[in-house]
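So this one's model.txt, compact mmCIF, C-alpha atoms and all ligand atoms:
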```txt
# COMPACT_ATOMS: atom_id res chain seq x y z
CA MET A 1345 -24.60 4.86 20.80
CA HIS A 1346 -23.13 7.17 18.17
CA LEU A 1347 -19.51 6.18 17.55
CA SER A 1348 -17.27 8.17 15.24
CA SER A 1349 -17.16 7.38 11.53
CA ARG A 1350 -13.43 6.78 12.01
CA VAL A 1351 -14.15 3.90 14.38
CA LYS A 1352 -16.91 2.56 12.15
CA GLY A 1353 -14.47 2.45 9.24
CA VAL A 1354 -12.12 0.05 11.08
CA SER A 1355 -12.81 -3.66 10.56
CA ASP A 1356 -13.20 -6.11 13.43
CA SER A 1357 -10.79 -8.99 13.46
CA ILE A 1358 -12.32 -12.34 12.42
CA THR A 1359 -9.59 -14.02 14.44
CA GLN A 1360 -11.03 -12.60 17.61
CA SER A 1361 -14.41 -14.26 17.06
CA LEU A 1362 -12.72 -17.57 16.17
CA ASN A 1363 -10.66 -17.38 19.34
CA GLU A 1364 -13.77 -16.70 21.40
CA LYS A 1365 -15.42 -19.75 19.86
CA ALA A 1366 -12.26 -21.79 20.61
CA SER A 1367 -12.31 -20.70 24.29
CA LYS A 1368 -15.96 -21.71 24.53
CA MET A 1369 -15.18 -25.14 23.06
CA MET A 1370 -12.34 -25.60 25.55
CA ASP A 1371 -14.62 -24.60 28.43
CA GLU A 1372 -16.97 -27.35 27.26
CA GLY A 1373 -14.10 -29.84 27.58
CA GLN A 1374 -13.27 -30.21 23.87
CA VAL A 1375 -9.67 -30.57 22.68
CA VAL A 1376 -8.62 -27.45 20.74
CA TYR A 1377 -5.32 -26.89 18.92
CA ASN A 1378 -4.65 -23.19 18.62
CA LEU A 1379 -2.46 -22.57 15.59
CA SER A 1380 -3.26 -18.87 15.44
CA ALA A 1381 -0.54 -17.77 17.89
CA GLY A 1382 1.47 -14.67 17.02
CA GLN A 1383 4.03 -15.25 19.77
CA LEU A 1384 6.54 -17.79 21.00
CA PRO A 1385 5.23 -20.00 23.85
CA ILE A 1386 8.34 -19.42 26.01
CA LYS A 1387 9.66 -16.84 28.46
CA PRO A 1388 12.30 -14.26 27.42
CA PRO A 1389 16.01 -15.06 28.00
CA GLN A 1390 16.76 -15.55 31.71
CA GLU A 1391 19.46 -12.84 31.53
CA PHE A 1392 16.85 -10.33 30.36
CA ILE A 1393 14.43 -11.34 33.11
CA GLU A 1394 17.24 -10.79 35.64
CA LYS A 1395 17.93 -7.32 34.24
CA ILE A 1396 14.25 -6.47 34.67
CA GLN A 1397 14.36 -7.76 38.26
CA ALA A 1398 17.47 -5.69 39.00
CA GLN A 1399 15.92 -2.52 37.59
CA LEU A 1400 12.94 -2.91 39.92
CA ASN A 1401 15.18 -1.43 42.64
CA PHE A 1402 15.55 1.98 41.00
CA LEU A 1403 13.18 4.91 41.34
CA LYS A 1404 13.78 5.86 37.70
CA SER A 1405 12.20 2.58 36.56
CA TYR A 1406 8.87 3.81 37.91
CA GLN A 1407 9.00 7.32 36.49
CA TYR A 1408 8.24 8.79 33.06
CA SER A 1409 10.94 8.22 30.49
CA PRO A 1410 11.64 10.93 27.88
CA VAL A 1411 8.87 10.84 25.24
CA ALA A 1412 11.12 9.35 22.53
CA GLY A 1413 12.70 6.90 24.98
CA VAL A 1414 15.87 6.72 27.07
CA GLY A 1415 18.66 8.45 25.14
CA GLU A 1416 21.33 5.79 25.68
CA LEU A 1417 18.98 3.03 24.57
CA ARG A 1418 18.05 4.96 21.43
CA LYS A 1419 21.75 5.24 20.64
CA LYS A 1420 22.35 1.55 21.40
CA ILE A 1421 19.53 0.50 19.05
CA ALA A 1422 20.72 2.80 16.25
CA ASP A 1423 24.27 1.43 16.57
CA GLN A 1424 23.13 -2.18 16.60
CA HIS A 1425 20.91 -1.64 13.60
CA ALA A 1426 23.75 -0.01 11.66
CA LYS A 1427 26.15 -2.81 12.59
CA SER A 1428 23.79 -5.67 11.73
CA ARG A 1429 22.74 -4.12 8.40
CA HIS A 1430 26.26 -2.95 7.46
CA ILE A 1431 25.15 0.65 7.06
CA SER A 1432 26.39 3.92 8.56
CA ASN A 1433 24.75 5.04 11.83
CA GLU A 1434 25.32 8.70 10.88
CA ASN A 1435 21.77 9.90 10.23
CA LEU A 1436 19.82 7.26 12.12
CA ASP A 1437 17.56 8.55 14.85
CA VAL A 1438 15.35 6.30 17.01
CA ILE A 1439 12.03 6.59 18.83
CA LEU A 1440 10.92 3.89 21.26
CA SER A 1441 7.22 3.10 21.64
CA ASN A 1442 4.85 0.74 23.44
CA GLY A 1443 5.44 -2.04 20.94
CA SER A 1444 6.25 -1.66 17.27
CA LYS A 1445 2.54 -1.58 16.43
CA GLN A 1446 2.51 1.86 17.99
CA SER A 1447 5.71 2.82 16.14
CA ILE A 1448 4.09 1.92 12.81
CA TYR A 1449 0.82 3.61 13.69
CA PHE A 1450 2.46 6.89 14.73
CA ALA A 1451 4.89 6.76 11.80
CA LEU A 1452 1.89 6.60 9.46
CA GLY A 1453 0.36 9.49 11.40
CA ALA A 1454 3.53 11.51 10.92
CA LEU A 1455 3.58 10.86 7.16
CA ILE A 1456 0.10 10.72 5.66
CA ASP A 1457 -2.58 13.29 5.02
CA PRO A 1458 -6.19 12.30 4.30
CA GLY A 1459 -6.43 10.84 0.79
CA ASP A 1460 -2.77 9.82 0.60
CA GLU A 1461 -2.20 6.33 -0.76
CA VAL A 1462 -0.05 3.73 0.96
CA ILE A 1463 1.03 0.61 -0.94
CA LEU A 1464 0.72 -2.75 0.81
CA LEU A 1465 2.14 -6.02 -0.46
CA ALA A 1466 -0.28 -8.91 0.13
CA PRO A 1467 -0.15 -11.03 2.08
CA TYR A 1468 0.31 -8.23 4.60
CA TRP A 1469 0.10 -7.94 8.36
CA VAL A 1470 -3.55 -7.54 9.33
CA SER A 1471 -3.19 -4.17 11.07
CA TYR A 1472 -1.62 -2.13 8.22
CA PRO A 1473 -4.78 -1.33 6.23
CA GLU A 1474 -6.77 -0.47 9.36
CA MET A 1475 -4.03 1.87 10.62
CA ILE A 1476 -3.80 3.62 7.25
CA LYS A 1477 -7.58 4.10 7.12
CA PHE A 1478 -7.61 5.43 10.66
CA TRP A 1479 -5.36 8.32 9.56
CA GLY A 1480 -7.57 8.95 6.53
CA GLY A 1481 -5.19 7.28 4.09
CA VAL A 1482 -6.06 4.82 1.33
CA PRO A 1483 -4.47 1.36 1.32
CA ILE A 1484 -3.55 0.11 -2.16
CA THR A 1485 -2.94 -3.63 -2.23
CA ILE A 1486 -0.60 -5.47 -4.56
CA LYS A 1487 -1.17 -9.21 -4.64
CA SER A 1488 1.27 -12.08 -4.68
CA ASN A 1489 0.71 -15.79 -4.24
CA VAL A 1490 2.26 -19.15 -3.62
CA PHE A 1491 3.46 -19.40 -7.28
CA ASP A 1492 5.68 -16.33 -7.03
CA ALA A 1493 6.95 -17.29 -3.55
CA PHE A 1494 4.79 -14.50 -2.11
CA SER A 1495 7.03 -11.86 -3.71
CA PRO A 1496 4.95 -9.34 -5.69
CA ALA A 1497 6.06 -8.50 -9.22
CA MET A 1498 8.04 -5.26 -9.49
CA GLU A 1499 5.95 -4.15 -12.49
CA ASP A 1500 2.82 -4.38 -10.32
CA ILE A 1501 4.46 -2.11 -7.74
CA VAL A 1502 5.45 0.40 -10.42
CA LYS A 1503 1.91 0.34 -11.86
CA ALA A 1504 0.44 1.14 -8.44
CA LEU A 1505 2.62 4.23 -7.87
CA THR A 1506 0.69 7.45 -8.47
CA PRO A 1507 1.28 11.11 -7.52
CA ARG A 1508 -0.91 10.37 -4.47
CA THR A 1509 1.34 7.56 -3.20
CA LYS A 1510 2.96 8.67 0.03
CA ALA A 1511 4.50 5.45 1.30
CA ILE A 1512 4.99 1.74 0.79
CA ILE A 1513 5.16 -0.82 3.60
CA VAL A 1514 7.62 -3.68 3.11
CA ASN A 1515 7.54 -6.47 5.69
CA SER A 1516 10.41 -8.95 5.44
CA PRO A 1517 10.42 -11.59 6.93
CA ASN A 1518 6.74 -11.58 6.25
CA ASN A 1519 3.83 -12.20 8.56
CA PRO A 1520 1.85 -14.27 7.44
CA ALA A 1521 3.78 -15.90 4.55
CA GLY A 1522 6.77 -17.00 6.66
CA VAL A 1523 9.26 -16.01 3.96
CA HIS A 1524 11.58 -13.07 3.37
CA TYR A 1525 12.07 -11.42 0.01
CA SER A 1526 15.18 -12.51 -1.89
CA GLU A 1527 18.29 -10.36 -2.25
CA GLN A 1528 17.54 -10.05 -5.97
CA TRP A 1529 14.02 -8.80 -5.22
CA MET A 1530 15.37 -6.24 -2.73
CA LYS A 1531 17.90 -5.01 -5.32
CA PHE A 1532 15.11 -4.50 -7.86
CA LEU A 1533 12.99 -2.76 -5.25
CA ALA A 1534 15.89 -0.39 -4.50
CA LEU A 1535 16.10 0.47 -8.21
CA VAL A 1536 12.36 1.20 -8.36
CA LEU A 1537 12.39 3.28 -5.16
CA LYS A 1538 15.30 5.40 -6.41
CA ASP A 1539 13.05 6.62 -9.25
CA TYR A 1540 10.40 7.95 -6.82
CA PRO A 1541 12.18 10.50 -4.62
CA ASP A 1542 9.05 11.59 -2.71
CA LEU A 1543 8.08 8.10 -1.61
CA TRP A 1544 8.58 6.98 2.01
CA ILE A 1545 9.32 3.37 2.85
CA ILE A 1546 8.29 1.69 6.09
CA SER A 1547 10.44 -1.41 6.46
CA ASP A 1548 8.88 -3.67 9.09
CA GLU A 1549 11.75 -5.83 10.31
CA VAL A 1550 10.32 -7.22 13.55
CA TYR A 1551 11.10 -10.81 12.47
CA SER A 1552 14.56 -10.06 11.02
CA SER A 1553 16.45 -12.51 13.24
CA LEU A 1554 13.76 -15.21 13.21
CA VAL A 1555 15.17 -17.00 10.19
CA TYR A 1556 15.61 -20.78 10.19
CA TYR A 1557 16.83 -21.41 6.64
CA ASP A 1558 19.62 -19.45 4.92
CA PRO A 1559 20.14 -16.98 3.35
CA ALA A 1560 19.46 -14.24 5.90
CA PRO A 1561 17.27 -11.32 4.77
CA THR A 1562 18.78 -8.25 3.18
CA TYR A 1563 17.09 -4.86 2.82
CA PHE A 1564 16.67 -2.45 -0.13
CA TYR A 1565 18.61 0.33 1.64
CA GLN A 1566 21.67 -1.92 1.89
CA HIS A 1567 21.74 -1.86 -1.92
CA ALA A 1568 21.08 1.90 -2.14
CA PRO A 1569 22.04 3.67 1.14
CA GLU A 1570 20.65 7.00 -0.14
CA LEU A 1571 17.19 5.47 0.46
CA LEU A 1572 17.85 5.69 4.22
CA GLU A 1573 16.91 9.37 3.93
CA ARG A 1574 13.29 8.24 3.50
CA THR A 1575 13.21 4.87 5.24
CA ILE A 1576 11.61 4.07 8.57
CA SER A 1577 12.86 0.71 9.90
CA ILE A 1578 10.68 -0.94 12.49
CA GLY A 1579 11.96 -3.29 15.22
CA ALA A 1580 10.82 -4.71 18.56
CA ILE A 1581 11.59 -7.12 21.37
CA SER A 1582 8.20 -8.85 20.98
CA LYS A 1583 9.18 -11.62 18.61
CA THR A 1584 12.94 -11.96 18.96
CA LEU A 1585 13.04 -11.88 22.77
CA ALA A 1586 9.66 -13.62 23.21
CA ALA A 1587 8.33 -10.55 24.99
CA THR A 1588 5.07 -9.51 23.33
CA GLY A 1589 3.52 -8.43 26.63
CA LEU A 1590 6.39 -6.16 27.69
CA ARG A 1591 5.47 -3.74 24.89
CA LEU A 1592 8.66 -2.26 23.53
CA GLY A 1593 9.28 -1.47 19.88
CA TRP A 1594 10.96 1.25 17.85
CA ALA A 1595 11.21 3.17 14.63
CA ILE A 1596 14.64 4.02 13.19
CA ALA A 1597 14.37 6.96 10.82
CA PRO A 1598 15.77 10.36 9.87
CA SER A 1599 15.43 12.94 12.70
CA GLN A 1600 12.63 14.92 11.02
CA VAL A 1601 10.33 11.85 11.05
CA VAL A 1602 11.37 10.86 14.57
CA ALA A 1603 10.48 14.41 15.66
CA GLY A 1604 7.03 14.07 14.01
CA ILE A 1605 6.36 10.71 15.66
CA THR A 1606 7.57 12.11 19.00
CA ARG A 1607 5.03 14.92 18.76
CA ILE A 1608 2.16 12.46 18.34
CA GLN A 1609 3.51 10.11 21.02
CA GLY A 1610 3.98 12.98 23.48
CA GLN A 1611 0.31 13.86 23.30
CA ALA A 1612 -1.00 10.31 23.04
CA THR A 1613 0.86 7.93 25.33
CA SER A 1614 4.18 9.51 26.46
CA GLY A 1615 7.28 7.32 26.35
CA PRO A 1616 7.16 3.51 26.79
CA SER A 1617 7.87 1.59 30.01
CA SER A 1618 10.93 2.96 31.80
CA LEU A 1619 11.49 -0.40 33.49
CA ILE A 1620 11.71 -2.38 30.27
CA GLN A 1621 13.83 0.25 28.53
CA ARG A 1622 16.34 0.33 31.39
CA ALA A 1623 16.51 -3.50 31.45
CA LEU A 1624 17.06 -3.62 27.68
CA LEU A 1625 19.83 -1.05 27.95
CA GLU A 1626 21.63 -3.34 30.40
CA PHE A 1627 20.94 -6.52 28.43
CA ASP A 1628 23.79 -7.96 26.35
CA ASN A 1629 22.19 -8.27 22.92
CA GLY A 1630 24.76 -10.84 21.90
CA LEU A 1631 22.69 -13.25 24.02
CA GLU A 1632 19.78 -12.99 21.60
CA GLU A 1633 21.55 -15.36 19.21
CA LYS A 1634 22.04 -17.97 21.94
CA PHE A 1635 18.38 -17.64 22.89
CA LEU A 1636 17.13 -17.98 19.31
CA GLY A 1637 19.22 -21.09 18.54
CA PRO A 1638 16.72 -23.63 19.96
CA VAL A 1639 13.80 -21.55 18.65
CA ARG A 1640 15.13 -21.87 15.11
CA VAL A 1641 15.64 -25.63 15.56
CA HIS A 1642 12.02 -25.93 16.69
CA LEU A 1643 10.66 -23.91 13.76
CA ARG A 1644 12.72 -25.90 11.26
CA LYS A 1645 11.41 -29.13 12.79
CA SER A 1646 7.78 -27.93 12.65
CA ALA A 1647 8.18 -26.80 9.04
CA SER A 1648 9.62 -30.19 8.09
CA LEU A 1649 6.72 -31.97 9.82
CA VAL A 1650 4.37 -29.95 7.62
CA ARG A 1651 6.42 -30.71 4.52
CA GLU A 1652 6.52 -34.45 5.22
CA MET A 1653 2.88 -34.79 6.15
CA PHE A 1654 1.66 -32.68 3.22
CA ARG A 1655 3.80 -34.70 0.82
CA GLU A 1656 2.51 -37.99 2.26
CA LYS A 1657 -1.10 -36.86 1.80
CA GLY A 1658 -0.63 -35.29 -1.64
CA LEU A 1659 -1.11 -31.77 -0.27
CA GLN A 1660 2.36 -30.41 -1.13
CA ASN A 1661 0.91 -27.76 -3.45
CA LEU A 1662 -0.99 -26.14 -0.62
CA TRP A 1663 1.95 -24.28 0.82
CA TYR A 1664 5.23 -22.62 -0.04
CA GLN A 1665 8.18 -23.82 2.06
CA SER A 1666 8.47 -21.29 4.86
CA HIS A 1667 11.87 -20.17 6.13
CA SER A 1668 11.37 -17.21 8.49
CA ALA A 1669 9.05 -15.61 11.06
CA PHE A 1670 6.90 -18.39 12.54
CA TYR A 1671 3.97 -18.87 10.21
CA PHE A 1672 3.04 -20.12 6.75
CA MET A 1673 0.05 -19.73 4.43
CA LEU A 1674 -2.20 -22.62 3.56
CA ASP A 1675 -3.98 -22.41 0.19
CA PHE A 1676 -7.40 -24.06 0.59
CA SER A 1677 -8.24 -23.59 -3.08
CA ARG A 1678 -5.71 -26.26 -4.06
CA SER A 1679 -7.00 -28.93 -1.66
CA PRO A 1680 -9.35 -31.80 -2.55
CA MET A 1681 -12.01 -30.45 -0.13
CA PHE A 1682 -12.29 -27.19 -2.02
CA SER A 1683 -14.30 -28.38 -5.04
CA ARG A 1684 -16.87 -29.92 -2.69
CA TYR A 1685 -16.95 -26.65 -0.77
CA ILE A 1686 -17.46 -24.55 -3.89
CA GLU A 1687 -20.20 -26.90 -5.11
CA GLU A 1688 -22.06 -26.44 -1.83
CA HIS A 1689 -21.42 -22.74 -1.28
CA GLY A 1690 -20.66 -21.19 -4.68
CA GLU A 1691 -17.63 -19.18 -5.83
CA GLY A 1692 -16.10 -16.49 -3.62
CA ASP A 1693 -13.75 -16.08 -0.69
CA HIS A 1694 -14.62 -18.66 1.95
CA SER A 1695 -11.50 -18.25 4.14
CA ALA A 1696 -13.42 -17.36 7.30
CA ALA A 1697 -16.19 -19.96 6.82
CA ILE A 1698 -13.67 -22.74 6.12
CA CYS A 1699 -11.63 -21.79 9.21
CA GLN A 1700 -14.86 -21.89 11.21
CA GLU A 1701 -15.71 -25.35 9.85
CA ILE A 1702 -12.19 -26.63 10.66
CA LEU A 1703 -12.55 -25.33 14.20
CA GLU A 1704 -16.02 -26.78 14.74
CA ARG A 1705 -15.31 -30.19 13.20
CA HIS A 1706 -11.66 -30.73 14.10
CA GLY A 1707 -10.83 -28.30 16.91
CA VAL A 1708 -8.00 -26.56 15.01
CA VAL A 1709 -7.75 -22.75 15.11
CA LEU A 1710 -6.29 -21.00 12.04
CA VAL A 1711 -6.36 -17.35 10.98
CA PRO A 1712 -8.39 -16.72 7.78
CA GLY A 1713 -6.37 -15.46 4.81
CA SER A 1714 -8.91 -12.66 4.28
CA ASP A 1715 -7.25 -10.95 7.29
CA PHE A 1716 -4.05 -10.73 5.24
CA GLY A 1717 -5.47 -9.75 1.85
CA LEU A 1718 -5.54 -13.29 0.39
CA THR A 1719 -8.55 -15.39 -0.59
CA ASN A 1720 -9.44 -18.99 0.31
CA SER A 1721 -6.46 -19.50 2.57
CA ALA A 1722 -5.36 -19.40 6.19
CA ARG A 1723 -2.32 -18.63 8.28
CA MET A 1724 -0.89 -21.34 10.47
CA SER A 1725 1.65 -20.95 13.28
CA LEU A 1726 4.67 -23.20 13.71
CA THR A 1727 5.28 -22.50 17.39
CA MET A 1728 3.35 -25.36 19.06
CA GLU A 1729 5.13 -28.27 20.79
CA GLU A 1730 5.85 -31.23 18.50
CA VAL A 1731 3.32 -33.82 19.73
CA PRO A 1732 0.20 -31.61 19.77
CA PHE A 1733 1.37 -30.00 16.52
CA GLN A 1734 1.48 -33.39 14.87
CA GLU A 1735 -2.00 -34.20 16.18
CA ALA A 1736 -3.30 -30.87 14.86
CA LEU A 1737 -1.75 -31.59 11.45
CA GLU A 1738 -3.41 -35.02 11.35
CA ARG A 1739 -6.80 -33.44 12.01
CA LEU A 1740 -6.25 -30.65 9.53
CA THR A 1741 -5.03 -32.89 6.71
CA SER A 1742 -7.94 -35.29 7.20
CA TYR A 1743 -10.25 -32.32 6.55
CA LEU A 1744 -8.26 -31.01 3.58
CA THR A 1745 -8.10 -34.39 1.82
CA GLN A 1746 -11.85 -35.02 2.02
CA ALA A 1747 -13.03 -34.57 -1.55
N1 LIG B 1801 4.75 -6.04 12.57
C1 LIG B 1801 4.41 -7.32 12.29
C2 LIG B 1801 4.67 -7.84 10.92
C3 LIG B 1801 3.81 -8.14 13.25
O1 LIG B 1801 3.48 -9.39 12.96
C4 LIG B 1801 3.55 -7.58 14.54
C5 LIG B 1801 2.85 -8.38 15.57
O2 LIG B 1801 2.30 -9.42 15.34
C6 LIG B 1801 3.94 -6.26 14.79
C7 LIG B 1801 4.53 -5.51 13.78
C8 LIG B 1801 3.68 -5.60 16.13
O3 LIG B 1801 4.36 -6.20 17.18
P1 LIG B 1801 4.56 -5.45 18.58
O4 LIG B 1801 3.61 -4.32 18.65
O5 LIG B 1801 4.28 -6.51 19.59
O6 LIG B 1801 6.00 -4.98 18.60
```
Have the structure of the file written as structure tokens, please.
Amino acid sequence: MHLSSRVKGVSDSITQSLNEKASKMMDEGQVVYNLSAGQLPIKPPQEFIEKIQAQLNFLKSYQYSPVAGVGELRKKIADQHAKSRHISNENLDVILSNGSKQSIYFALGALIDPGDEVILLAPYWVSYPEMIKFWGGVPITIKSNVFDAFSPAMEDIVKALTPRTKAIIVNSPNNPAGVHYSEQWMKFLALVLKDYPDLWIISDEVYSSLVYYDPAPTYFYQHAPELLERTISIGAISKTLAATGLRLGWAIAPSQVVAGITRIQGQATSGPSSLIQRALLEFDNGLEEKFLGPVRVHLRKSASLVREMFREKGLQNLWYQSHSAFYFMLDFSRSPMFSRYIEEHGEGDHSAAICQEILERHGVVLVPGSDFGLTNSARMSLTMEEVPFQEALERLTSYLTQA
């Protein structure tokens, strides 16, 4: 069958094939520990569930919402964003979409022309480069690693800026690194961005309240509010309300961009679920903090299990202490097994093959670092219950320590 060149240009996810393999192993009765999860293994807050149930009684919950979302909810989200970031709500407009993935995708569609460059900071969320390519844009990657706490050097960002650069995507807290950029880093970024007045900034903040070690994240526009004129902040209920399947996310941006995204959305999908929007409008967002309390305790506990076990087994250099979102990156290249691996397979990026070997030999599912723009590494989730998580860590560390 002849598929479009656009589709052919989009990469398949390696994670998907690993997950298929994991399901097959489970069907065969093997024990599998899936540490690839991108969601919390719990239901949303009970109060939110009750709001959804209550809204089931209204005709409007079953009918099209306005394309950009329910007006009162857009206003509520803009106000909350302004309040939590200590910025003015004056020029903030909002569009709601079927998950923030759609918000980011349509925002890129509203901004970039074919050939435009978009800067990504690696490690980056797996979907950014594919979305950029789909619109005909060119992803330009700037690397960082465990030594610089996964915060790319500002001079590298400056070097990558060209007259073709249309936008930069900044994701803090970061999926997959499990860290957020420091206040100092954000201040420097603000200074750099001020010098490039035609550059747009997509600030992906979907994990902003999933922080389990202080200090809380800050954002470049808090240090230079004039940057809000060209900032698109992304948010969602997926991660912070444990509601990935309800599909509601948003972009907060100046009205001209919201109008552009609305045009695409109107012809592509229409507005997001009326039911979920109406429930969120009724939901007291103050309850999010109460809901996230135990989640943060769990993540802190999982991160300390990793720290203790890695230290015990001499693997402490394999990771950088995570403090937000619910993942961290594991650097295979610094483990005792790696020299054996290189001897057998030669130099190169073996992220996917190593993840496959870990799955086949030890039943642990990880996401290869190559999905996030890093080599010889993997992303690991911290969401699993304590006992199986500890078992998974035992299996994983026995593999990593085998010289
Ligand atoms: N941004 C980041 C950094 C993510 O990790 C994800 C999901 O994993 C999303 C955006 C999209 O989330 P959703 O479409 O569920 O709102």
Hey, which of A:Ser1577, A:Thr1727, A:Ser1679, A:Ser1668 ends up closest to Ala1451 in chain A? Count all atoms listed in the file.
A:Ser1577
Just checking: using all atoms listed in the file, which residue out of A:Ala1560, A:Ile1484, A:Leu1703, A:Leu1572 ends up closest to Leu1464 in chain A?
A:Ile1484
Once you count all atoms listed in the file, which residues end up within 6 Å of ligand LIG 1801 (chain B), and could you hand them over as a ChimeraX atom specification?
/A:1382,1443-1445,1469,1519,1548,1550,1580,1582,1588,1593
So the first atom is CA of Ala1722 in chain A and the second is CA of Cys1699 in chain A; what is the distance between them in Å, to one decimal place?
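Between CA of Ala1722 in chain A and CA of Cys1699 in chain A the gap is 7.4 Å.
Considering the residues A:Asn1378, A:Ser1617, A:Gly1713, A:Ala1669 and counting only C-alpha atoms, Lys1365 in chain A has its shortest atom-to-atom contact with A:Asn1378.
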Atom pair CA of Gln1609 in chain A / CA of Asn1435 in chain A: separation (Å)
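About the pair CA of Gln1609 in chain A and CA of Asn1435 in chain A: they are 21.2 Å apart.
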Using all atoms listed in the file, which of the listed residues (A:Val1351, A:Ala1603, A:Leu1744, A:Ile1698) sits closest to Met1681 in chain A?
A:Leu1744
Pick out the residues sitting within 10 Å of Ile1386 in chain A, and hand them over as a ChimeraX atom specification; count all atoms listed in the file, and ignore anything fewer than 2 positions along from it in its own chain.
/A:1383-1384,1388-1389,1585-1587,1639,1727
Excluding same-chain residues fewer than 4 positions from Met1653 in chain A, what lies within 9 Å of it counting only C-alpha atoms, as a PyMOL selection string?
chain A and resi 1648-1649+1657-1660+1734+1737-1738+1741
With a distance cut-off of 9 Å and only C-alpha atoms, select the neighbouring residues of Gly1604 in chain A, excluding the residue or stretch itself and same-chain residues fewer than 5 positions from it, and output the selection as number ranges by chain.
A: 1450-1451, 1453-1455, 1599, 1609
Could you turn the residues from that selection into a file that holds C-alpha atoms, as a PDB file, in the frame of the given file?
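Listing of part-v8.pdb after writing:
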```pdb
ATOM      1  CA  PHE A1450       2.460   6.890  14.730  1.00  0.00           C
ATOM      2  CA  ALA A1451       4.890   6.760  11.800  1.00  0.00           C
ATOM      3  CA  GLY A1453       0.360   9.490  11.400  1.00  0.00           C
ATOM      4  CA  ALA A1454       3.530  11.510  10.920  1.00  0.00           C
ATOM      5  CA  LEU A1455       3.580  10.860   7.160  1.00  0.00           C
ATOM      6  CA  SER A1599      15.430  12.940  12.700  1.00  0.00           C
ATOM      7  CA  GLN A1609       3.510  10.110  21.020  1.00  0.00           C
TER       8      GLN A1609
END
```
For the atom pair CA of Tyr1557 in chain A and CA of Asp1492 in chain A, what is the interatomic distance in Å to one decimal place?
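Here the two named atoms are 18.4 Å from each other.
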Considering only C-alpha atoms, return as a VMD selection string whatever protein or nucleic-acid residues lie within 10 Å of range 1688-1696 of chain A, sequence-local ones (same chain, fewer than 3 positions apart) excluded.
chain A and resid 1358 to 1359 1362 1675 to 1677 1682 to 1685 1699 to 1702 1710 to 1715 1718 to 1722
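You can rank A:Gln1566, A:Val1523, A:Leu1505, A:His1667 by their closest distance to Lys1427 in chain A using only C-alpha atoms, and at the top of that list sits A:Gln1566.
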May I have the residues within 8 Å of Val1414 in chain A as number ranges by chain, using all atoms listed in the file and disregarding those fewer than 3 positions away in the same chain?
A: 1409-1410, 1417-1418, 1618, 1621-1622
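Compared by their closest atoms to Pro1458 in chain A, and using only C-alpha atoms, the residues A:Gly1481, A:Gly1353, A:Pro1385, A:Pro1541 rank with A:Gly1481 nearest.
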List every protein, DNA or RNA residue that has at least one atom no more than 9 Å from (10.3, -29.1, 17.9) in the file's coordinates, counting only C-alpha atoms, and write the result as a ChimeraX atom specification.
/A:1638-1639,1641-1646,1727-1731
